[in-house]
Every structure is written in C-alpha cells, then in structure tokens.
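Reading through the structure tokens given below for one structure.
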2 protein chains.
Amino acid sequence: MNGQLSSRQDLSLRLVEAALEQFGRLGFEGASTRDIARASGTAMSSITYHFGGKQGLYLACADHIVAVIGEMYAPLVEAIRTDPPRTAETARMRLLALLETFARFLLTPRSADFAQFITREQQHPTEAFDRLYEGVMRPLIETAIGPMAIARPSLDDKTCRALAMNLIGMALVLRLGRACVVRTMQVDDLDEDTAEMLVAGLRRSAETLLTEA
Amino acid sequence: MNGQLSSRQDLSLRLVEAALEQFGRLGFEGASTRDIARASGTAMSSITYHFGGKQGLYLACADHIVAVIGEMYAPLVEAIRTDPPRTAETARMRLLALLETFARFLLTPRSADFAQFITREQQHPTEAFDRLYEGVMRPLIETAIGPMAIARPSLDDKTCRALAMNLIGMALVLRLGRACVVRTMQVDDLDEDTAEMLVAGLRRSAETLLTEA
DNA sequence: GTCTATACTACGATAGAC
DNA sequence: GTCTATCGTAGTATAGAC
C-alpha cells in the first residue's frame, strides 16, 4: 500500500480481515468500526483515512474476497482455459476438481466469514455483490459451463446452468448448513474423517450427475 | 394469545413477523427494537411487555419458524409415518415430494427472512438454533432417512445422511445463492418459467441420486 | 499516517401515566 | 396492554494534534 516492506501485515489488510469477520458475523449495521479498529490494533479514525468510512471498508471486504478466491482457483481455471477438455471423461474430471476445491474450502474455518458476507449480499445485493459476482462468481461459473456441456452433451444450455446450481448447492450446504450437517452426521464437530466422508459423498453424487445415463 | 378474536393480527404475531424480517436482514445486533416496533405499529416497550426484551423476541422468532415450517410439512411427514414406503419406487416418490415442497418454499419471498435467520444460526448457533434443529430440522431429516435407506439400499447409514445433505443443498442454493442463480440463469428475476425449470432440474437430479445404479 | 477528543445520533431498558 | 419520557451506553464521523 505504501510501498514499504513491513514485518507485520499492512494496516489496511489487518483492517479488512478484521472487518470481514465482524461484517460476516454481525452484518453491516451490526458491526462496529470501533471494534474492527480495536481488533486491528489501531484507532477508529484509521478506517476513515484508509477507506473513507464504514461503507468503503465494506466494499474493500468484497474486493478482498474476490482476490483470495480468485487466487485459489487461478490454476484450475487457467488449466481449463488453455487446454479445454474434449472428452466427457476429462471434462468431468476437471469439473470434479473445481467442485472438490470449493467443498474443501467451505469446510475450512476461513470460509465462515466469506460465506456469511456473501450470503447476505445474495439476499439483498448491494454494490458489493456486483463486485463479487463479476469478480469471481461469473468467471468461475462460465468457465465451468463449457466442460459441463461436454460432460452432458444431451443437456441444453439452460438445463446445464440449472445443473451447475445443483452442484454448487451440494457443496455450499457444507458451510451454510454446517451446524445441521454436524448434527445430522451425529458427530460433535466436523473432524477430519467426517469431512473426508462428506467430500467423498459429494464427489460421488457430482460424478453421477455429470455422467450421461 | 389473549383468547380474543381480532380482525387484525395479534400484536405479538405482528411483532414476531416484523422482527423476523429485521433480524434476518440485519442480524441480532443490527436489528433495532425501535424499528421493529414501528413496523408493527406499536411502541418499543411492547416488546419488553410481550417478550421480556430483544432476546426474548429473537427466540420467539425461532419458535415461529418451527411452527410455520412444521405446519407446511405436517401432511407429508404424517403420510410417511403412518404408511412407511416399502419399495424403492414409492420411497423415492415420497422423498421427491418432500424435496420439491422444500424447493418451492425456498423460491417464495417468505423464505427470505427465514433463511437468513437460520443461516446465521448455522454459523454461530445459539439457543435459537437448538429450537430450530429439534423443532423442525431433526424431525424432518430423520423422517427422510428411512425412505432413503429403502431407495438406496446399498448405502450405509452415514453415506445416506451425507446424500441427504447433498439433496438439501441442491434446494437450499435456490434461496441462499438466489442472486447468483438469477444471474447464472440469465434472467432479470426468478419468474415463473425459470422457477419451474429450476424445480424440474432439481427433481431430475434428485431422482438420479435416489436411484440405485 | 496514526492518534485523541468530541459532536451528534441511535440503541435497549425501564419507569410511570392511563 | 399500550403509551410517552428518560437514562445510560455505544454508534459513526470529524477536527485537529503530532
């Protein structure tokens, strides 16, 4: 930000990460700039200086999500773009890789703040949603639609898109319905074994749906 | 509540419905009891009188969700309990009916407040989540597990439960990823035709997953 | 660039009139 | 049972020191 290397993170980044946690958990109105500043070890007025105010910080959170998720998917998306799959089998493999990456991320604690932030925007989209959608969702989904049409050649475009939503939903529930998943799987928390079983189940279901009858 | 018939809704009910909207959109901390009272056409102190305070009103919202969803599912659950399916074909039909009811509800505007309220509780469960889970989620899921084991006899119990989460996720995304679904389907909003196509796609996917290879 | 101090608004809770 | 009035607290924004 200021071009100076620092042993600790930039204040801007610390503010954004603390903000994401608070905005995710409490919502825009519920989050307090005082608390966000305190969690970042700085004064509240730093938010005004760096982001112009609470709203600017909120939008910066959206941009942060775009950057982090974009980076996570860069290699997989790049692989599909430079070497588009030609057979149903390879298309399916690429798509399963995308979905599994998504599911594993959703099982990590880091995704909690992201998911809450994004879900709120999904119900009541603001400018932040446009940044999220154009920044990561659309690029990812449109990248996936091509291979899906190859894996399921009998489906028309709209049906393909509906199927994509099915697949995304199967992964999303791991995060958005987390407490319910934990209780339904009859465990105390999502330990390694349970997570692996859920990912394996998801993969099996997705594979079935991505294979022509 | 007071045993008196009234042409307009009880004040308690009006307060709960207004609260659900505000808690859903803004979260517990973000919602304002003043605004909730104003939206209900009453004074803020009515909340203290009827529910003891903001926290009591919040819990009353959870109970309201349990009551509404429970009523919606009563006939389907009752049918499964009194006449448990014996063949894979009938079990699948019963499950598809449950899922389609769920999906159609998630496509209605009413589900927006419910979904936001519940999703927040899923990430950071409080006493309200226990009421939601024990009140509707567990009864519904456990009712569905039986027929699922009949539709997919080769699956063990844990795999069955994981599959149930897959199916629920496919429906959930229609609400929780709504803005993304709209844009991905390349429409301006979720009109009747698009909704029908999404439900049909969901049904097809669910049917595939509930049929043994 | 980061701090402290402060102005102004809105919050939840409660007391007391009716 | 519902209202108005008020108290103490906490919110964002902003001005100005350093």
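Letters A, B, ... mark the chains of the structure tokens in the order given; residue numbers begin at 1 per chain; ligand numbers begin at 1, in order shown.
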Quiz item: Skipping near chain neighbours, those fewer than 6 positions away, what residues fall within 12 Å of region 1-13 of chain D using only C-alpha atoms (C1' of nucleotides), listed as an MDAnalysis selection string?
Solution: (chainID A and resid 29:35 44:49 52:55) or (chainID B and resid 2 11:12 29:30 37 41:50) or (chainID C and resid 6:18)
Self-check item: Interface list for chain B, partner chain A, 7 Å threshold, only C-alpha atoms, as a ChimeraX atom specification
Solution: /B:26-27,29-30,119,122-123,158-159,161-163,165-167,169-170,172-173,176-181,184-185,198,201-202,205,209
Exercise. Select from chain B everything DSSP, run on the backbone, classes as helix (DSSP H, G or I), then give the selection as a count of residues only.
Key: 167
Exercise. Please report as a VMD selection string which residues of chain C come no farther than 10 Å from chain A, using only C-alpha atoms (C1' of nucleotides).
Key: chain C and resid 1 to 4
Print the selection's residues with N, CA and C atoms (P, O5', C5', C4', C3', O3' and C1' of nucleotides) to a file, as a compact mmCIF listing (two decimals), in the first residue's frame.
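Just written: result-v2.txt:
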```
# COMPACT_ATOMS: atom_id res chain seq x y z
P DG C 1 0.94 7.91 3.68
O5' DG C 1 0.28 7.51 5.13
C5' DG C 1 0.80 6.45 5.69
C4' DG C 1 0.70 6.60 7.19
C3' DG C 1 -0.56 5.93 7.76
O3' DG C 1 -0.09 5.01 8.70
C1' DG C 1 -0.28 8.07 8.69
P DT C 2 -0.96 3.87 9.32
O5' DT C 2 -1.40 4.39 10.77
C5' DT C 2 -0.39 4.61 11.73
C4' DT C 2 -0.89 5.53 12.81
C3' DT C 2 -2.21 5.12 13.47
O3' DT C 2 -1.94 4.51 14.73
C1' DT C 2 -1.98 7.48 13.20
P DC C 3 -3.15 4.17 15.68
O5' DC C 3 -3.36 5.51 16.54
C5' DC C 3 -2.45 5.81 17.60
C4' DC C 3 -2.67 7.22 18.10
C3' DC C 3 -3.95 7.44 18.88
O3' DC C 3 -3.72 7.17 20.26
C1' DC C 3 -3.56 9.23 17.32
P DT C 4 -5.04 7.10 21.19
O5' DT C 4 -5.43 8.61 21.45
C5' DT C 4 -4.49 9.54 21.97
C4' DT C 4 -5.17 10.88 22.19
C3' DT C 4 -6.41 10.82 23.09
O3' DT C 4 -6.44 12.00 23.92
C1' DT C 4 -7.03 11.65 20.96
```
Could you give me chain B least-squares fitted onto chain A (all C-alpha atoms, paired in order), as a PDB file with C-alpha atoms, in the first residue's frame?
```pdb
ATOM      1  CA  MET B   1       0.115  -0.502  -0.050  1.00  0.00           C
ATOM      2  CA  ASN B   2       2.833   1.973   0.870  1.00  0.00           C
ATOM      3  CA  GLY B   3       5.527  -0.053  -0.846  1.00  0.00           C
ATOM      4  CA  GLN B   4       7.301  -0.645   2.436  1.00  0.00           C
ATOM      5  CA  LEU B   5       8.041  -4.168   3.576  1.00  0.00           C
ATOM      6  CA  SER B   6       6.791  -4.792   7.071  1.00  0.00           C
ATOM      7  CA  SER B   7       7.245  -7.749   9.363  1.00  0.00           C
ATOM      8  CA  ARG B   8       3.632  -7.430  10.373  1.00  0.00           C
ATOM      9  CA  GLN B   9       0.748  -7.182   7.925  1.00  0.00           C
ATOM     10  CA  ASP B  10      -0.281  -3.863   6.466  1.00  0.00           C
ATOM     11  CA  LEU B  11      -2.780  -2.042   8.580  1.00  0.00           C
ATOM     12  CA  SER B  12      -5.180  -1.967   5.630  1.00  0.00           C
ATOM     13  CA  LEU B  13      -5.127  -5.744   5.364  1.00  0.00           C
ATOM     14  CA  ARG B  14      -5.550  -6.224   9.086  1.00  0.00           C
ATOM     15  CA  LEU B  15      -8.524  -3.885   9.001  1.00  0.00           C
ATOM     16  CA  VAL B  16     -10.121  -5.706   6.073  1.00  0.00           C
ATOM     17  CA  GLU B  17      -9.709  -9.109   7.683  1.00  0.00           C
ATOM     18  CA  ALA B  18     -11.098  -7.943  10.996  1.00  0.00           C
ATOM     19  CA  ALA B  19     -13.940  -6.205   9.155  1.00  0.00           C
ATOM     20  CA  LEU B  20     -14.794  -9.344   7.182  1.00  0.00           C
ATOM     21  CA  GLU B  21     -15.164 -11.235  10.416  1.00  0.00           C
ATOM     22  CA  GLN B  22     -17.411  -8.617  11.975  1.00  0.00           C
ATOM     23  CA  PHE B  23     -19.451  -7.834   8.864  1.00  0.00           C
ATOM     24  CA  GLY B  24     -19.914 -11.557   8.297  1.00  0.00           C
ATOM     25  CA  ARG B  25     -21.070 -12.277  11.797  1.00  0.00           C
ATOM     26  CA  LEU B  26     -23.024  -9.109  12.553  1.00  0.00           C
ATOM     27  CA  GLY B  27     -23.937  -7.635   9.195  1.00  0.00           C
ATOM     28  CA  PHE B  28     -23.169  -4.152   7.961  1.00  0.00           C
ATOM     29  CA  GLU B  29     -25.301  -2.325  10.508  1.00  0.00           C
ATOM     30  CA  GLY B  30     -24.445  -4.643  13.384  1.00  0.00           C
ATOM     31  CA  ALA B  31     -20.700  -4.399  12.957  1.00  0.00           C
ATOM     32  CA  SER B  32     -18.957  -1.624  14.839  1.00  0.00           C
ATOM     33  CA  THR B  33     -16.077   0.301  13.341  1.00  0.00           C
ATOM     34  CA  ARG B  34     -14.770   0.807  16.862  1.00  0.00           C
ATOM     35  CA  ASP B  35     -14.567  -2.952  17.423  1.00  0.00           C
ATOM     36  CA  ILE B  36     -13.022  -3.548  14.006  1.00  0.00           C
ATOM     37  CA  ALA B  37     -10.365  -0.954  14.730  1.00  0.00           C
ATOM     38  CA  ARG B  38      -9.728  -2.401  18.170  1.00  0.00           C
ATOM     39  CA  ALA B  39      -9.358  -5.919  16.726  1.00  0.00           C
ATOM     40  CA  SER B  40      -6.823  -4.475  14.280  1.00  0.00           C
ATOM     41  CA  GLY B  41      -4.940  -2.735  17.054  1.00  0.00           C
ATOM     42  CA  THR B  42      -5.572   0.729  15.703  1.00  0.00           C
ATOM     43  CA  ALA B  43      -7.857   3.716  16.162  1.00  0.00           C
ATOM     44  CA  MET B  44     -11.263   4.006  14.581  1.00  0.00           C
ATOM     45  CA  SER B  45     -10.245   7.041  12.566  1.00  0.00           C
ATOM     46  CA  SER B  46      -7.797   4.846  10.630  1.00  0.00           C
ATOM     47  CA  ILE B  47     -10.848   3.440   8.853  1.00  0.00           C
ATOM     48  CA  THR B  48     -11.816   6.911   7.748  1.00  0.00           C
ATOM     49  CA  TYR B  49      -8.289   7.557   6.585  1.00  0.00           C
ATOM     50  CA  HIS B  50      -7.775   4.312   4.653  1.00  0.00           C
ATOM     51  CA  PHE B  51     -11.258   3.584   3.338  1.00  0.00           C
ATOM     52  CA  GLY B  52     -13.203   6.804   3.684  1.00  0.00           C
ATOM     53  CA  GLY B  53     -15.621   5.267   6.180  1.00  0.00           C
ATOM     54  CA  LYS B  54     -17.575   2.178   7.076  1.00  0.00           C
ATOM     55  CA  GLN B  55     -19.055   1.785   3.586  1.00  0.00           C
ATOM     56  CA  GLY B  56     -15.648   1.961   1.922  1.00  0.00           C
ATOM     57  CA  LEU B  57     -14.312  -0.684   4.276  1.00  0.00           C
ATOM     58  CA  TYR B  58     -17.270  -2.905   3.417  1.00  0.00           C
ATOM     59  CA  LEU B  59     -16.555  -2.670  -0.301  1.00  0.00           C
ATOM     60  CA  ALA B  60     -12.881  -3.361   0.370  1.00  0.00           C
ATOM     61  CA  CYS B  61     -14.012  -6.618   2.018  1.00  0.00           C
ATOM     62  CA  ALA B  62     -15.756  -7.658  -1.191  1.00  0.00           C
ATOM     63  CA  ASP B  63     -12.626  -6.913  -3.195  1.00  0.00           C
ATOM     64  CA  HIS B  64     -10.583  -8.931  -0.721  1.00  0.00           C
ATOM     65  CA  ILE B  65     -12.852 -11.949  -1.161  1.00  0.00           C
ATOM     66  CA  VAL B  66     -12.542 -11.655  -4.934  1.00  0.00           C
ATOM     67  CA  ALA B  67      -8.770 -11.591  -4.683  1.00  0.00           C
ATOM     68  CA  VAL B  68      -8.458 -14.547  -2.299  1.00  0.00           C
ATOM     69  CA  ILE B  69     -10.898 -16.841  -4.109  1.00  0.00           C
ATOM     70  CA  GLY B  70      -9.591 -15.799  -7.505  1.00  0.00           C
ATOM     71  CA  GLU B  71      -6.087 -16.779  -6.479  1.00  0.00           C
ATOM     72  CA  MET B  72      -7.319 -20.098  -5.121  1.00  0.00           C
ATOM     73  CA  TYR B  73      -8.919 -21.007  -8.439  1.00  0.00           C
ATOM     74  CA  ALA B  74      -6.355 -19.477 -10.769  1.00  0.00           C
ATOM     75  CA  PRO B  75      -4.497 -22.725 -11.656  1.00  0.00           C
ATOM     76  CA  LEU B  76      -7.664 -24.769 -12.259  1.00  0.00           C
ATOM     77  CA  VAL B  77      -9.326 -22.058 -14.333  1.00  0.00           C
ATOM     78  CA  GLU B  78      -6.137 -21.467 -16.282  1.00  0.00           C
ATOM     79  CA  ALA B  79      -5.873 -25.188 -17.040  1.00  0.00           C
ATOM     80  CA  ILE B  80      -9.406 -25.260 -18.435  1.00  0.00           C
ATOM     81  CA  ARG B  81      -8.883 -22.076 -20.478  1.00  0.00           C
ATOM     82  CA  THR B  82      -5.604 -23.101 -22.067  1.00  0.00           C
ATOM     83  CA  ASP B  83      -6.467 -26.744 -22.587  1.00  0.00           C
ATOM     84  CA  PRO B  84     -10.250 -27.090 -22.910  1.00  0.00           C
ATOM     85  CA  PRO B  85     -11.373 -30.672 -22.313  1.00  0.00           C
ATOM     86  CA  ARG B  86     -12.595 -32.525 -25.416  1.00  0.00           C
ATOM     87  CA  THR B  87     -13.995 -35.735 -23.964  1.00  0.00           C
ATOM     88  CA  ALA B  88     -16.768 -36.235 -21.432  1.00  0.00           C
ATOM     89  CA  GLU B  89     -14.346 -38.077 -19.183  1.00  0.00           C
ATOM     90  CA  THR B  90     -11.750 -35.282 -18.978  1.00  0.00           C
ATOM     91  CA  ALA B  91     -14.430 -32.590 -18.719  1.00  0.00           C
ATOM     92  CA  ARG B  92     -15.936 -34.441 -15.766  1.00  0.00           C
ATOM     93  CA  MET B  93     -12.561 -34.737 -14.089  1.00  0.00           C
ATOM     94  CA  ARG B  94     -11.910 -31.022 -14.439  1.00  0.00           C
ATOM     95  CA  LEU B  95     -15.317 -30.174 -13.014  1.00  0.00           C
ATOM     96  CA  LEU B  96     -14.921 -32.556 -10.098  1.00  0.00           C
ATOM     97  CA  ALA B  97     -11.595 -30.903  -9.306  1.00  0.00           C
ATOM     98  CA  LEU B  98     -13.260 -27.470  -9.268  1.00  0.00           C
ATOM     99  CA  LEU B  99     -16.061 -28.691  -7.038  1.00  0.00           C
ATOM    100  CA  GLU B 100     -13.793 -30.526  -4.641  1.00  0.00           C
ATOM    101  CA  THR B 101     -11.595 -27.443  -4.262  1.00  0.00           C
ATOM    102  CA  PHE B 102     -14.717 -25.463  -3.479  1.00  0.00           C
ATOM    103  CA  ALA B 103     -15.996 -28.008  -0.969  1.00  0.00           C
ATOM    104  CA  ARG B 104     -12.682 -28.286   0.831  1.00  0.00           C
ATOM    105  CA  PHE B 105     -12.471 -24.532   1.126  1.00  0.00           C
ATOM    106  CA  LEU B 106     -16.003 -24.399   2.533  1.00  0.00           C
ATOM    107  CA  LEU B 107     -14.975 -26.872   5.207  1.00  0.00           C
ATOM    108  CA  THR B 108     -12.164 -24.610   6.436  1.00  0.00           C
ATOM    109  CA  PRO B 109     -12.817 -22.014   9.146  1.00  0.00           C
ATOM    110  CA  ARG B 110     -11.644 -19.235   6.862  1.00  0.00           C
ATOM    111  CA  SER B 111     -14.678 -19.661   4.637  1.00  0.00           C
ATOM    112  CA  ALA B 112     -17.046 -18.840   7.500  1.00  0.00           C
ATOM    113  CA  ASP B 113     -16.656 -15.071   7.245  1.00  0.00           C
ATOM    114  CA  PHE B 114     -16.658 -15.131   3.455  1.00  0.00           C
ATOM    115  CA  ALA B 115     -19.806 -17.219   3.337  1.00  0.00           C
ATOM    116  CA  GLN B 116     -21.780 -15.070   5.722  1.00  0.00           C
ATOM    117  CA  PHE B 117     -20.732 -11.912   3.931  1.00  0.00           C
ATOM    118  CA  ILE B 118     -21.662 -13.306   0.528  1.00  0.00           C
ATOM    119  CA  THR B 119     -24.924 -14.896   1.633  1.00  0.00           C
ATOM    120  CA  ARG B 120     -26.137 -11.595   2.987  1.00  0.00           C
ATOM    121  CA  GLU B 121     -25.325  -9.950  -0.313  1.00  0.00           C
ATOM    122  CA  GLN B 122     -27.181 -12.706  -2.151  1.00  0.00           C
ATOM    123  CA  GLN B 123     -30.388 -11.829  -0.331  1.00  0.00           C
ATOM    124  CA  HIS B 124     -30.035  -8.072  -0.520  1.00  0.00           C
ATOM    125  CA  PRO B 125     -27.479  -7.311  -3.218  1.00  0.00           C
ATOM    126  CA  THR B 126     -25.611  -4.019  -3.003  1.00  0.00           C
ATOM    127  CA  GLU B 127     -22.661  -2.720  -4.976  1.00  0.00           C
ATOM    128  CA  ALA B 128     -20.573  -5.291  -3.094  1.00  0.00           C
ATOM    129  CA  PHE B 129     -22.467  -8.125  -4.771  1.00  0.00           C
ATOM    130  CA  ASP B 130     -21.700  -6.797  -8.238  1.00  0.00           C
ATOM    131  CA  ARG B 131     -18.027  -6.847  -7.361  1.00  0.00           C
ATOM    132  CA  LEU B 132     -18.294 -10.403  -6.041  1.00  0.00           C
ATOM    133  CA  TYR B 133     -20.308 -11.674  -8.980  1.00  0.00           C
ATOM    134  CA  GLU B 134     -18.318 -10.057 -11.752  1.00  0.00           C
ATOM    135  CA  GLY B 135     -15.051 -10.644  -9.917  1.00  0.00           C
ATOM    136  CA  VAL B 136     -15.280 -14.348  -9.136  1.00  0.00           C
ATOM    137  CA  MET B 137     -18.689 -15.960  -9.488  1.00  0.00           C
ATOM    138  CA  ARG B 138     -19.316 -15.242 -13.141  1.00  0.00           C
ATOM    139  CA  PRO B 139     -15.781 -16.060 -14.318  1.00  0.00           C
ATOM    140  CA  LEU B 140     -15.871 -19.357 -12.420  1.00  0.00           C
ATOM    141  CA  ILE B 141     -19.362 -20.397 -13.467  1.00  0.00           C
ATOM    142  CA  GLU B 142     -18.876 -19.484 -17.106  1.00  0.00           C
ATOM    143  CA  THR B 143     -15.607 -21.392 -17.117  1.00  0.00           C
ATOM    144  CA  ALA B 144     -17.448 -24.435 -15.802  1.00  0.00           C
ATOM    145  CA  ILE B 145     -20.388 -24.297 -18.213  1.00  0.00           C
ATOM    146  CA  GLY B 146     -18.216 -25.275 -21.192  1.00  0.00           C
ATOM    147  CA  PRO B 147     -16.915 -28.532 -19.700  1.00  0.00           C
ATOM    148  CA  MET B 148     -20.401 -29.288 -18.389  1.00  0.00           C
ATOM    149  CA  ALA B 149     -21.837 -29.148 -21.885  1.00  0.00           C
ATOM    150  CA  ILE B 150     -19.173 -31.669 -22.891  1.00  0.00           C
ATOM    151  CA  ALA B 151     -19.775 -33.971 -19.946  1.00  0.00           C
ATOM    152  CA  ARG B 152     -23.552 -33.867 -20.479  1.00  0.00           C
ATOM    153  CA  PRO B 153     -23.958 -33.222 -24.232  1.00  0.00           C
ATOM    154  CA  SER B 154     -27.666 -34.050 -24.191  1.00  0.00           C
ATOM    155  CA  LEU B 155     -28.500 -31.086 -21.940  1.00  0.00           C
ATOM    156  CA  ASP B 156     -29.389 -27.684 -23.348  1.00  0.00           C
ATOM    157  CA  ASP B 157     -27.672 -24.585 -22.015  1.00  0.00           C
ATOM    158  CA  LYS B 158     -30.329 -23.615 -19.471  1.00  0.00           C
ATOM    159  CA  THR B 159     -30.538 -27.154 -18.066  1.00  0.00           C
ATOM    160  CA  CYS B 160     -26.772 -27.191 -17.844  1.00  0.00           C
ATOM    161  CA  ARG B 161     -26.863 -23.989 -15.824  1.00  0.00           C
ATOM    162  CA  ALA B 162     -29.531 -25.369 -13.520  1.00  0.00           C
ATOM    163  CA  LEU B 163     -27.373 -28.449 -12.977  1.00  0.00           C
ATOM    164  CA  ALA B 164     -24.421 -26.217 -12.167  1.00  0.00           C
ATOM    165  CA  MET B 165     -26.518 -24.634  -9.415  1.00  0.00           C
ATOM    166  CA  ASN B 166     -27.357 -28.119  -8.085  1.00  0.00           C
ATOM    167  CA  LEU B 167     -23.671 -28.962  -7.858  1.00  0.00           C
ATOM    168  CA  ILE B 168     -22.750 -25.682  -6.199  1.00  0.00           C
ATOM    169  CA  GLY B 169     -25.559 -26.168  -3.709  1.00  0.00           C
ATOM    170  CA  MET B 170     -24.290 -29.609  -2.719  1.00  0.00           C
ATOM    171  CA  ALA B 171     -20.984 -28.013  -1.743  1.00  0.00           C
ATOM    172  CA  LEU B 172     -22.441 -24.834  -0.227  1.00  0.00           C
ATOM    173  CA  VAL B 173     -24.520 -26.682   2.323  1.00  0.00           C
ATOM    174  CA  LEU B 174     -21.309 -27.881   3.950  1.00  0.00           C
ATOM    175  CA  ARG B 175     -20.718 -24.315   5.055  1.00  0.00           C
ATOM    176  CA  LEU B 176     -24.126 -22.665   5.140  1.00  0.00           C
ATOM    177  CA  GLY B 177     -25.810 -25.593   6.876  1.00  0.00           C
ATOM    178  CA  ARG B 178     -22.770 -26.474   8.897  1.00  0.00           C
ATOM    179  CA  ALA B 179     -24.347 -26.878  12.329  1.00  0.00           C
ATOM    180  CA  CYS B 180     -27.085 -29.004  10.801  1.00  0.00           C
ATOM    181  CA  VAL B 181     -24.555 -31.136   8.909  1.00  0.00           C
ATOM    182  CA  VAL B 182     -22.604 -31.731  12.116  1.00  0.00           C
ATOM    183  CA  ARG B 183     -25.667 -32.870  14.000  1.00  0.00           C
ATOM    184  CA  THR B 184     -27.018 -34.940  11.124  1.00  0.00           C
ATOM    185  CA  MET B 185     -23.699 -36.755  10.792  1.00  0.00           C
ATOM    186  CA  GLN B 186     -23.941 -37.399  14.528  1.00  0.00           C
ATOM    187  CA  VAL B 187     -20.541 -35.985  15.397  1.00  0.00           C
ATOM    188  CA  ASP B 188     -19.439 -33.282  17.824  1.00  0.00           C
ATOM    189  CA  ASP B 189     -17.654 -31.237  15.199  1.00  0.00           C
ATOM    190  CA  LEU B 190     -16.472 -31.619  11.611  1.00  0.00           C
ATOM    191  CA  ASP B 191     -13.369 -33.696  12.231  1.00  0.00           C
ATOM    192  CA  GLU B 192     -11.021 -34.861   9.498  1.00  0.00           C
ATOM    193  CA  ASP B 193     -12.759 -38.210   8.978  1.00  0.00           C
ATOM    194  CA  THR B 194     -16.222 -36.739   8.684  1.00  0.00           C
ATOM    195  CA  ALA B 195     -14.967 -34.053   6.310  1.00  0.00           C
ATOM    196  CA  GLU B 196     -13.367 -36.684   4.091  1.00  0.00           C
ATOM    197  CA  MET B 197     -16.541 -38.729   4.047  1.00  0.00           C
ATOM    198  CA  LEU B 198     -18.590 -35.661   3.109  1.00  0.00           C
ATOM    199  CA  VAL B 199     -16.191 -34.732   0.312  1.00  0.00           C
ATOM    200  CA  ALA B 200     -16.198 -38.314  -0.959  1.00  0.00           C
ATOM    201  CA  GLY B 201     -20.005 -38.385  -0.912  1.00  0.00           C
ATOM    202  CA  LEU B 202     -20.184 -35.068  -2.716  1.00  0.00           C
ATOM    203  CA  ARG B 203     -17.741 -36.295  -5.326  1.00  0.00           C
ATOM    204  CA  ARG B 204     -19.747 -39.448  -5.889  1.00  0.00           C
ATOM    205  CA  SER B 205     -22.989 -37.522  -6.246  1.00  0.00           C
ATOM    206  CA  ALA B 206     -21.432 -34.965  -8.569  1.00  0.00           C
ATOM    207  CA  GLU B 207     -19.874 -37.698 -10.684  1.00  0.00           C
ATOM    208  CA  THR B 208     -23.257 -39.348 -11.075  1.00  0.00           C
ATOM    209  CA  LEU B 209     -24.889 -36.100 -12.131  1.00  0.00           C
ATOM    210  CA  LEU B 210     -22.089 -35.316 -14.587  1.00  0.00           C
ATOM    211  CA  THR B 211     -22.369 -38.685 -16.331  1.00  0.00           C
ATOM    212  CA  GLU B 212     -24.880 -39.266 -19.125  1.00  0.00           C
ATOM    213  CA  ALA B 213     -27.255 -42.121 -18.412  1.00  0.00           C
TER     214      ALA B 213
END
```
Quiz prompt | Shell around DG16 (chain D) at 10 Å using only C-alpha atoms (C1' of nucleotides), local window under 2 positions removed, as an NGL selection string | solution = (:C and (4-5)) or (:D and (14 or 18))
